[in-house]
Structure formats: structure tokens, C-alpha cells
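For reference, the structure is listed below as C-alpha cells.
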Amino acid sequence: MSGERRIKCMQRLAGGALYLISDNEHYQPEMITPQQMGEVEILGRCEVRIGRINSECVEIQV
């Protein structure tokens with residue numbers, strides 16, 4: 001992995017993988033496999049509320 005920090009929405013998938021989704025449509029979703037989990041660190045959680053819409057994302061280092 002590249003050692004950079006990112007803020008992404010995260011979805012846990014069956015089998016232990018993570019699916020990282022950007023709010024910016026110019027970035028494609030990323031799949032973190034269970035084998036890559038040792039290279040990923042979840043640094044924090046971001047919560048945004050705009051009107052009645054809630055969005056939760058995590059800050060990760062990969």
C-alpha cells in the first residue's frame with residue numbers, strides 16, 4: 001500500500017474485506033482484502049450532518 005491517509009466511507013464485506021468508497025465521484029471504490037488488513041490502520045471516524053442526511057466515514061492510512 002502507499003502509506004497515505006484518506007477519508008473514505010467504509011463498508012465491511014462478508015469474508016472480512018473492506019470496501020472503501022469516496023464521496024468524490026472521480027475516485028473509484030477500493031477493496032481491501034483480508035490479506036491486506038495488516039497494512040491498513042483506521043485512525044479515526046468522521047461524522048457529517050447536513051440537514052437530515054448523516055454520513056459516516058473513517059480516516060485510514062494505507
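Please note that chains go A, B, ... in the order of the C-alpha cells, that every chain numbers its residues from 1, and that ligands are numbered from 1 in the order shown.
Residues in contact with stretch 34-37 of chain A at 8 Å, where only C-alpha atoms are counted and same-chain residues fewer than 6 positions away are skipped, are listed as Gly15, Gly16, Ala17 and Leu18 of chain A.
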### Task
Find the residues around A:Gln11 up to 12 Å (only C-alpha atoms counted), leave out those fewer than 2 positions away in its own chain, and share them as a list in words.
Lys8, Cys9, Leu13, Ala14, Gly16, Ala17, Leu18, Tyr19, Leu20, Ile21, Ser22, Pro29, Glu30, Met31, Ile32, Glu56, Cys57 and Val58 of chain A
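Atom CA of A:Val40 is positioned 9.9 Å from atom CA of A:Arg5.
The coordinates place atom CA of A:Met10 at 17.0 Å from atom CA of A:His26.
Taking atom CA of A:Arg45 and atom CA of A:Ile7 as the two end points, the separation is 8.8 Å.
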